[in-house]
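Raw final-v4.txt, compact mmCIF, C-alpha atoms:
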```txt
# COMPACT_ATOMS: atom_id res chain seq x y z
CA MET R 1 5.12 34.31 -13.76
CA GLY R 2 3.35 33.08 -10.66
CA GLU R 3 4.76 31.35 -7.66
CA SER R 4 6.50 28.05 -8.42
CA ASP R 5 4.79 24.76 -7.64
CA ASP R 6 7.50 24.00 -5.08
CA ASP R 7 6.82 27.27 -3.25
CA LEU R 8 3.08 26.61 -3.27
CA VAL R 9 3.59 23.10 -1.93
CA ALA R 10 5.76 24.52 0.87
CA ARG R 11 2.88 26.84 1.77
CA VAL R 12 0.41 23.97 1.59
CA ALA R 13 2.55 22.19 4.18
CA ARG R 14 1.87 25.17 6.46
CA ALA R 15 -1.86 24.67 5.83
CA ASP R 16 -2.09 27.83 3.74
CA HIS R 17 -5.52 27.56 2.14
CA ASP R 18 -4.75 30.16 -0.49
CA ALA R 19 -1.84 28.03 -1.71
CA CYS R 20 -4.14 24.99 -1.80
CA ARG R 21 -6.59 26.91 -3.94
CA GLN R 22 -3.85 28.06 -6.31
CA LEU R 23 -2.58 24.50 -6.78
CA VAL R 24 -6.11 23.33 -7.51
CA GLU R 25 -6.67 26.13 -10.02
CA ARG R 26 -3.37 25.37 -11.69
CA HIS R 27 -3.51 21.57 -11.89
CA LEU R 28 -7.00 20.20 -11.32
CA ARG R 29 -8.00 20.44 -14.96
CA ARG R 30 -4.82 18.69 -16.12
CA VAL R 31 -5.35 15.86 -13.66
CA VAL R 32 -8.99 15.47 -14.72
CA VAL R 33 -8.13 15.49 -18.45
CA PHE R 34 -5.30 13.02 -17.99
CA SER R 35 -7.35 10.67 -15.80
CA THR R 36 -10.28 10.87 -18.22
CA ARG R 37 -8.04 9.71 -21.06
CA VAL R 38 -6.58 6.87 -19.02
CA LEU R 39 -9.89 5.72 -17.53
CA GLY R 40 -12.22 6.68 -20.36
CA SER R 41 -14.66 7.92 -17.74
CA PRO R 42 -15.00 11.59 -16.78
CA HIS R 43 -16.97 10.64 -13.68
CA GLU R 44 -14.27 8.33 -12.33
CA ALA R 45 -11.62 10.84 -13.36
CA GLU R 46 -13.18 13.39 -11.00
CA ASP R 47 -12.96 10.92 -8.11
CA VAL R 48 -9.33 10.25 -8.97
CA ALA R 49 -8.59 13.97 -9.09
CA GLN R 50 -10.05 14.39 -5.63
CA ASP R 51 -7.90 11.54 -4.33
CA VAL R 52 -4.81 13.00 -5.99
CA PHE R 53 -5.24 16.32 -4.20
CA THR R 54 -5.94 14.61 -0.90
CA ARG R 55 -2.49 13.07 -1.29
CA VAL R 56 -1.02 16.46 -2.12
CA TRP R 57 -2.30 17.85 1.18
CA THR R 58 -1.08 14.81 3.08
CA HIS R 59 2.40 14.69 1.57
CA ALA R 60 3.11 18.39 1.19
CA GLY R 61 5.12 18.43 4.41
CA SER R 62 7.52 15.82 3.14
CA TRP R 63 7.87 17.24 -0.37
CA ASN R 64 11.49 17.61 -1.44
CA PRO R 65 11.80 20.61 -3.79
CA GLY R 66 15.15 19.40 -5.11
CA GLY R 67 13.76 16.08 -6.32
CA ALA R 68 11.25 15.29 -9.05
CA ARG R 69 9.12 18.00 -10.62
CA PHE R 70 5.80 18.45 -8.87
CA THR R 71 3.84 17.74 -12.07
CA THR R 72 5.75 14.49 -12.58
CA TRP R 73 4.79 13.40 -9.09
CA LEU R 74 1.21 14.55 -9.59
CA PHE R 75 0.73 12.58 -12.81
CA ARG R 76 2.40 9.56 -11.31
CA VAL R 77 0.01 9.55 -8.38
CA ALA R 78 -2.90 10.02 -10.78
CA LEU R 79 -1.68 7.17 -12.96
CA ASN R 80 -1.34 4.84 -9.99
CA LEU R 81 -4.85 5.67 -8.84
CA CYS R 82 -6.20 5.15 -12.36
CA ARG R 83 -4.43 1.81 -12.61
CA ASP R 84 -5.92 0.75 -9.28
CA ARG R 85 -9.35 1.41 -10.71
CA LEU R 86 -8.61 -0.27 -14.01
CA GLY R 87 -7.35 -3.30 -12.12
CA ARG R 88 -10.70 -3.62 -10.41
CA ARG R 89 -12.53 -3.44 -13.72
CA ARG R 90 -12.94 -6.20 -16.19
CA GLU R 91 -11.14 -4.95 -19.28
CA VAL R 92 -13.33 -4.92 -22.37
CA PRO R 93 -11.59 -6.86 -25.13
CA LEU R 94 -10.23 -4.40 -27.65
CA ASP R 95 -11.80 -5.96 -30.72
CA ASP R 96 -15.25 -5.90 -29.20
CA ALA R 97 -14.93 -2.36 -27.98
CA ILE R 98 -14.69 -0.49 -31.23
CA ASP R 99 -16.91 -0.42 -34.25
CA PRO R 100 -15.54 -2.16 -37.30
CA PRO R 101 -14.14 0.34 -39.80
CA ASP R 102 -16.44 1.55 -42.49
CA PRO R 103 -16.18 -0.37 -45.72
CA GLY R 104 -15.04 2.65 -47.67
CA PRO R 105 -13.26 5.89 -46.83
CA THR R 106 -15.58 8.79 -46.13
CA PRO R 107 -14.47 12.42 -45.88
CA ALA R 108 -14.54 13.88 -42.40
CA GLU R 109 -16.83 16.66 -43.60
CA ARG R 110 -19.66 14.15 -43.97
CA PHE R 111 -19.55 13.33 -40.29
CA GLU R 112 -21.28 15.45 -37.74
CA GLU R 113 -18.91 17.08 -35.29
CA ALA R 114 -20.34 14.98 -32.47
CA ASP R 115 -19.69 11.81 -34.48
CA VAL R 116 -16.10 12.78 -35.07
CA ARG R 117 -15.54 13.47 -31.40
CA ARG R 118 -17.21 10.19 -30.45
CA LEU R 119 -15.15 8.16 -32.92
CA VAL R 120 -11.87 9.77 -31.93
CA THR R 121 -12.64 9.45 -28.24
CA ARG R 122 -13.50 5.82 -28.67
CA ALA R 123 -10.42 5.13 -30.76
CA VAL R 124 -8.18 6.63 -28.08
CA ASP R 125 -10.01 5.18 -25.09
CA THR R 126 -9.77 1.66 -26.43
CA LEU R 127 -6.03 1.71 -26.99
CA PRO R 128 -4.12 -0.55 -24.61
CA GLU R 129 -3.64 1.25 -21.29
CA ARG R 130 0.08 1.97 -21.64
CA GLN R 131 -0.34 3.33 -25.14
CA ARG R 132 -3.14 5.67 -24.21
CA THR R 133 -1.28 6.77 -21.09
CA ALA R 134 1.77 7.65 -23.20
CA LEU R 135 -0.48 9.55 -25.62
CA ALA R 136 -2.29 11.30 -22.79
CA LEU R 137 0.98 12.50 -21.29
CA CYS R 138 2.75 13.55 -24.50
CA HIS R 139 -0.05 14.68 -26.81
CA TYR R 140 -2.73 15.88 -24.42
CA GLN R 141 -0.58 17.12 -21.54
CA GLY R 142 2.42 18.25 -23.56
CA LEU R 143 4.94 16.65 -21.24
CA SER R 144 8.47 16.22 -22.55
CA ASN R 145 9.51 12.71 -23.48
CA VAL R 146 11.82 12.56 -20.46
CA GLU R 147 9.10 13.63 -18.02
CA ALA R 148 6.48 11.30 -19.53
CA ALA R 149 8.93 8.41 -19.37
CA GLU R 150 9.59 9.25 -15.74
CA VAL R 151 5.88 9.28 -14.91
CA MET R 152 5.49 5.86 -16.53
CA ASP R 153 8.78 4.56 -15.15
CA LEU R 154 10.04 3.70 -18.64
CA SER R 155 13.02 4.51 -20.80
CA VAL R 156 12.51 7.20 -23.42
CA GLU R 157 12.94 4.55 -26.11
CA ALA R 158 10.15 2.44 -24.61
CA LEU R 159 7.94 5.52 -24.42
CA GLU R 160 8.58 6.34 -28.08
CA SER R 161 7.72 2.78 -29.03
CA LEU R 162 4.40 3.00 -27.18
CA LEU R 163 3.60 6.32 -28.85
CA ALA R 164 4.42 4.99 -32.30
CA ARG R 165 2.23 1.91 -31.78
CA ALA R 166 -0.59 4.09 -30.49
CA ARG R 167 -0.44 6.38 -33.52
CA ARG R 168 -0.25 3.47 -35.93
CA THR R 169 -3.40 1.95 -34.43
CA LEU R 170 -5.16 5.31 -34.46
CA ARG R 171 -4.35 5.86 -38.10
CA GLU R 172 -6.06 2.57 -38.90
CA ARG R 173 -9.07 3.25 -36.73
CA LEU R 174 -9.62 6.80 -37.88
CA ARG R 175 -9.26 6.01 -41.55
CA PRO R 176 -13.01 6.60 -42.10
CA LEU R 177 -12.50 10.19 -40.99
CA ALA R 178 -9.38 10.90 -43.00
CA PRO R 179 -8.47 8.44 -45.76
CA GLU R 180 -5.05 10.06 -46.18
CA LEU R 181 -4.06 8.72 -42.77
CA LEU R 182 -3.79 5.28 -44.29
CA THR R 183 -1.00 6.56 -46.50
CA GLY R 184 0.90 7.37 -43.38
CA GLY R 185 0.02 3.98 -41.92
CA ARG R 186 1.23 2.04 -44.92
CA ARG R 187 4.60 3.71 -45.31
CA GLY R 188 7.66 2.07 -43.91
CA MET G 1 18.89 14.06 -39.67
CA THR G 2 17.98 11.22 -42.00
CA LEU G 3 14.48 10.73 -43.37
CA GLU G 4 14.32 7.45 -41.47
CA ARG G 5 15.07 9.14 -38.14
CA PHE G 6 12.66 11.93 -39.00
CA THR G 7 9.91 9.39 -39.70
CA ARG G 8 10.55 7.55 -36.45
CA LEU G 9 10.18 10.77 -34.48
CA LEU G 10 7.12 11.71 -36.51
CA ASP G 11 5.52 8.40 -35.61
CA ALA G 12 6.11 9.00 -31.91
CA TYR G 13 5.52 12.72 -31.45
CA GLY G 14 3.31 13.69 -34.37
CA GLY G 15 3.61 16.34 -37.03
CA ARG G 16 4.15 19.41 -34.87
CA ILE G 17 7.85 19.87 -34.48
CA GLU G 18 7.40 22.09 -31.42
CA ARG G 19 6.20 18.97 -29.58
CA TRP G 20 9.34 17.03 -30.40
CA PRO G 21 12.30 16.68 -28.06
CA GLU G 22 14.10 19.98 -28.08
CA ALA G 23 17.40 18.49 -29.19
CA GLU G 24 15.83 17.20 -32.43
CA ARG G 25 13.88 20.25 -33.52
CA LEU G 26 16.58 22.19 -35.33
CA ALA G 27 17.67 19.26 -37.49
CA ALA G 28 14.03 18.33 -38.15
CA ARG G 29 13.19 21.82 -39.38
CA ALA G 30 16.24 21.79 -41.61
CA LEU G 31 15.13 18.49 -43.14
CA LEU G 32 11.61 19.82 -43.65
CA GLY G 33 13.10 22.75 -45.52
CA ARG G 34 14.92 20.58 -48.03
CA SER G 35 12.82 17.41 -48.33
CA ALA G 36 9.39 17.28 -49.96
CA ASP G 37 9.02 13.72 -48.72
CA ALA G 38 9.54 14.84 -45.14
CA ARG G 39 6.96 17.59 -45.59
CA ALA G 40 4.40 15.17 -47.01
CA ARG G 41 4.87 12.78 -44.10
CA ALA G 42 4.63 15.60 -41.60
CA ALA G 43 1.37 16.75 -43.19
CA VAL G 44 -0.19 13.31 -42.75
CA ALA G 45 0.96 13.15 -39.15
CA GLU G 46 -0.54 16.59 -38.54
CA GLN G 47 -3.90 15.36 -39.77
CA LEU G 48 -3.88 12.75 -37.06
CA ASP G 49 -2.88 15.40 -34.52
CA ALA G 50 -5.81 17.54 -35.61
CA LEU G 51 -8.22 14.63 -35.20
CA LEU G 52 -6.83 13.87 -31.74
CA ASP G 53 -7.39 17.49 -30.79
CA ARG G 54 -11.10 17.15 -31.53
CA ILE G 55 -11.52 15.40 -28.19
CA SER G 56 -12.46 17.94 -25.60
CA THR G 57 -12.75 17.60 -21.87
CA PRO G 58 -14.79 20.28 -20.15
CA ALA G 59 -13.22 22.38 -17.44
CA PRO G 60 -13.71 21.02 -13.93
CA SER G 61 -17.06 22.09 -12.55
CA ASP G 62 -17.30 24.47 -9.62
CA ALA G 63 -18.75 21.57 -7.66
CA LEU G 64 -15.61 19.51 -8.23
CA VAL G 65 -13.37 22.42 -7.26
CA ALA G 66 -15.41 22.81 -4.06
CA ARG G 67 -15.21 19.07 -3.38
CA VAL G 68 -11.45 19.08 -3.75
CA LEU G 69 -10.98 22.19 -1.60
CA ALA G 70 -13.21 20.63 1.04
CA THR G 71 -10.55 17.95 1.50
CA VAL G 72 -7.98 20.50 2.65
CA PRO G 73 -7.35 19.50 6.24
CA ALA G 74 -7.26 21.78 9.24
CA ARG G 75 -3.89 23.19 10.12
CA ALA G 76 -2.91 20.54 12.63
CA ALA G 77 -3.66 17.65 10.32
CA VAL G 78 -1.24 18.58 7.55
CA ARG G 79 1.79 16.39 7.70
CA ARG G 80 4.86 18.32 8.65
CA PRO G 81 8.53 17.59 8.41
CA PRO G 82 10.01 16.30 11.65
CA ALA G 83 11.02 19.00 14.11
CA ARG G 84 14.71 19.66 13.97
CA ARG G 85 16.32 17.70 16.76
CA TRP G 86 19.28 18.99 18.61
CA PRO G 87 22.30 16.79 18.30
CA ARG G 88 22.99 14.73 21.40
CA VAL G 89 26.22 16.55 22.10
CA MET G 90 24.37 19.89 22.14
CA VAL G 91 21.75 18.55 24.52
CA GLY G 92 24.46 17.23 26.83
CA ALA G 93 26.42 20.45 26.76
CA THR G 94 23.36 22.60 27.39
CA GLY G 95 22.16 20.39 30.22
CA GLY G 96 25.59 20.44 31.82
CA LEU G 97 25.76 24.21 31.67
CA ALA G 98 22.34 24.53 33.26
CA ILE G 99 23.31 22.28 36.14
CA ALA G 100 26.59 24.14 36.64
CA ALA G 101 24.78 27.49 36.67
CA SER G 102 22.28 26.25 39.26
CA LEU G 103 25.08 24.98 41.46
CA ALA G 104 26.95 28.27 41.21
CA LEU G 105 23.85 30.26 42.17
CA TRP G 106 23.27 28.01 45.15
CA LEU G 107 26.85 28.49 46.37
CA VAL G 108 26.95 32.24 45.81
CA HIS G 109 23.64 33.17 47.40
CA PRO G 110 23.58 32.68 51.17
CA SER G 111 20.72 30.64 52.47
CA ALA G 112 17.81 32.58 53.86
CA PRO G 113 18.01 32.75 57.68
CA VAL G 114 15.73 30.25 59.31
CA ALA G 115 13.47 31.74 61.91
CA PRO G 116 13.60 29.83 65.18
CA LEU G 117 10.44 27.83 65.89
CA GLY G 118 8.29 28.75 68.78
CA ALA G 119 7.41 26.27 71.49
CA SER G 120 3.88 25.60 70.13
CA ALA G 121 5.21 24.95 66.68
CA ILE G 122 7.74 22.53 68.03
CA ALA G 123 4.97 20.75 69.87
CA GLN G 124 3.00 20.23 66.66
CA LEU G 125 5.93 18.61 64.84
CA GLY G 126 5.67 15.39 66.77
CA VAL G 127 8.33 12.72 66.65
CA PHE G 128 9.49 11.35 63.29
CA ASP G 129 11.60 8.29 62.87
CA VAL G 130 12.61 8.98 59.25
CA PRO G 131 12.51 12.24 57.26
CA THR G 132 9.80 11.00 54.83
CA ASP G 133 7.39 10.58 57.70
CA ALA G 134 7.20 14.33 57.92
CA LEU G 135 6.24 14.60 54.27
CA LEU G 136 3.59 11.93 54.54
CA SER G 137 2.07 13.43 57.58
CA ASP G 138 1.48 16.76 55.85
CA THR G 139 -0.57 15.30 53.00
CA ASP G 140 -3.65 13.17 52.75
CA LEU G 141 -1.80 10.69 50.64
CA ASP G 142 -2.31 7.18 51.86
CA LEU G 143 0.11 4.60 50.56
CA GLY G 144 -2.70 2.06 50.70
CA ASP G 145 -4.87 3.93 48.21
CA ASP G 146 -5.83 2.04 45.07
CA ALA G 147 -5.70 5.12 42.94
CA PRO G 148 -2.44 6.97 43.15
CA ALA G 149 -2.76 10.66 42.61
CA PHE G 150 -0.38 10.82 39.66
CA GLY G 151 -0.03 8.82 36.48
CA CYS G 152 -3.46 7.23 36.78
CA ASP G 153 -5.36 6.98 33.54
CA ASP G 154 -7.66 4.06 34.22
CA PRO G 155 -11.29 5.09 34.65
CA ALA G 156 -11.96 1.71 36.28
CA LEU G 157 -9.81 2.87 39.21
CA GLY G 158 -11.76 6.10 39.54
CA CYS G 159 -9.33 8.26 37.63
CA ASP G 160 -10.24 10.81 34.97
CA GLU G 161 -10.16 9.90 31.30
CA PRO G 162 -6.70 10.67 29.97
CA ALA G 163 -6.47 13.61 27.59
CA LEU G 164 -5.18 12.78 24.14
CA GLU G 165 -1.63 13.74 23.46
CA PRO G 166 -1.41 16.70 21.08
CA ALA G 167 0.62 14.77 18.54
CA ARG G 168 -1.99 12.03 18.41
CA ARG G 169 -4.82 14.51 18.06
CA SER G 170 -3.18 16.21 15.14
CA GLY G 171 -2.77 12.96 13.29
CA ARG G 172 0.84 13.65 12.51
CA LEU G 173 2.47 10.86 10.65
CA SER G 174 5.93 9.91 9.63
CA ALA G 175 7.40 12.55 7.37
CA ALA G 176 9.14 10.07 5.12
CA LYS G 177 8.57 11.05 1.52
CA GLU G 178 6.18 8.71 -0.19
CA MET G 179 6.49 8.40 -3.89
CA PRO G 180 4.00 5.76 -4.93
CA ALA G 181 5.51 2.98 -6.94
```
Here is a file; write its structure as structure tokens.
Amino acid sequence: MGESDDDLVARVARADHDACRQLVERHLRRVVVFSTRVLGSPHEAEDVAQDVFTRVWTHAGSWNPGGARFTTWLFRVALNLCRDRLGRRREVPLDDAIDPPDPGPTPAERFEEADVRRLVTRAVDTLPERQRTALALCHYQGLSNVEAAEVMDLSVEALESLLARARRTLRERLRPLAPELLTGGRRG
Amino acid sequence: MTLERFTRLLDAYGGRIERWPEAERLAARALLGRSADARARAAVAEQLDALLDRISTPAPSDALVARVLATVPARAAVRRPPARRWPRVMVGATGGLAIAASLALWLVHPSAPVAPLGASAIAQLGVFDVPTDALLSDTDLDLGDDAPAFGCDDPALGCDEPALEPARRSGRLSAAKEMPA
């Protein structure tokens, strides 16, 4: 087990470059993946990641180890920066953004791997922002429900509702890849 | 755990129980063990999980890592917590002790004997009306000067450019914790 995030941040506050490097190695990928899911743009996600770490360096001296978890703070900063960027964009209307579903179910095996990835990526990236953020935190980052709710400043119940709506929509959209998903979508 | 509760959690967290809230896992696994319906629903949810996992994001490039590390500021620019300030009462007590110690030293040590001035030295002293005249006469300081020797920082008056204060150079900011809204 390596040094804790709190200890590394304390060293960052003393301008310890080795600690800075360790934090980057530990968290940069997570921030990039998360921001890519929220923004739908790997290029912009890299810019966000850079801004996130600039804030880490700036605020390390005032970090309170007894407060929130470092990762919670990190994702929250990333989310705020992503939302700033999304606010400056003109949102593409959801219905125009995704291809209409295929007329009939087709087994996933008939799709090329690249097609599958493209369809899934598109299905996730065109979810409403709060739904894809919830999915990004819980499914892709593996955060606990409590931590994800804290990042999004929501109750756990509200987070679960967002996740359920996201999955319901995804089941519908990805039906061409896996017809059985519709069974799950129709129940209850 | 009821099937209804199980399904609600399945809808939110997917088919992998290890991703569920810890407090729910034991009851969920027990239900999976005894309910074919629960197992069937979990299998469908796992299919969606598997599709979601097909999205891949490449590892950050070396160029990005270098870009991020290039933003690490120099030592002086990292924000630091405020220096611990001594409580007022401590400052007062310490200052008082220092003054008392100086006074005691002055009283205990006899003053150095003053050598009597010779006649020529006395002649050079001249006549002074007030004590400060003596001080002024020994320096080149002219009270009429436009540019006083101390505290001048205006180049228009012929003074040197003021040096930046260290705190300002370092860019130190308030140490209040900022948690973006």
Protein, DNA and RNA residues within 10 Å of (-0.9, 9.9, -13.1), only C-alpha atoms, as a PyMOL selection string:
chain R and resi 31-32+34-35+38+48-49+52+71-83+133+136-137+148+151-152
How many Å separate CA of Thr2 in chain G from CA of Glu150 in chain R?
27.6 Å
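Note that CA of Thr7 in chain G and CA of Ala38 in chain G are 7.7 Å apart.
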Surrounding residues of Ala45 in chain G excluding itself and chain neighbours under 6 positions, 7 Å, all atoms listed in the file, as a VMD selection string:
chain G and resid 10 14 to 15
From the set R:Gly40, R:Gly142, R:Pro128, R:Gly66, which residue has the shortest atom-to-atom contact distance to chain G, counting only C-alpha atoms?
R:Gly142
Set the distance at 10 Å and use all atoms listed in the file: which residues neighbour Thr169 in chain R once local chain neighbours fewer than 6 positions away are removed? I'd like the list as JSON, numbers by chain.
{"R": [123, 124, 127, 131, 163, 185]}
Using all atoms listed in the file, which residues sit within 12 Å of range 16-33 of chain G once same-chain residues fewer than 5 positions away are excluded, as number ranges by chain?
R: 137-148, 156, 160; G: 1-11, 38-50
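Interatomic distance, CA of Trp63 in chain R against CA of Val9 in chain R: 7.4 Å.
With all atoms listed in the file as the basis for measurement, R:Ala164 is the residue among R:Leu23, R:Leu135, R:Arg89, R:Ala164 that approaches chain G most closely.
Between Arg11 in chain R and the candidates R:Arg30, R:Ser155, R:Phe111, R:Gly61, the tightest atom-to-atom separation, counting only C-alpha atoms, involves R:Gly61.
Among the candidate residues G:Ala63, G:Ala100, G:Asp37, G:Ala74, the one lying nearest to chain R is G:Ala74, with distances computed using only C-alpha atoms.
Of the residues under consideration (R:Gly87, R:Asp16, R:Arg26, R:Ala10), R:Ala10 shows the shortest atom-to-atom contact distance to Ser62 in chain R when counting all atoms listed in the file.
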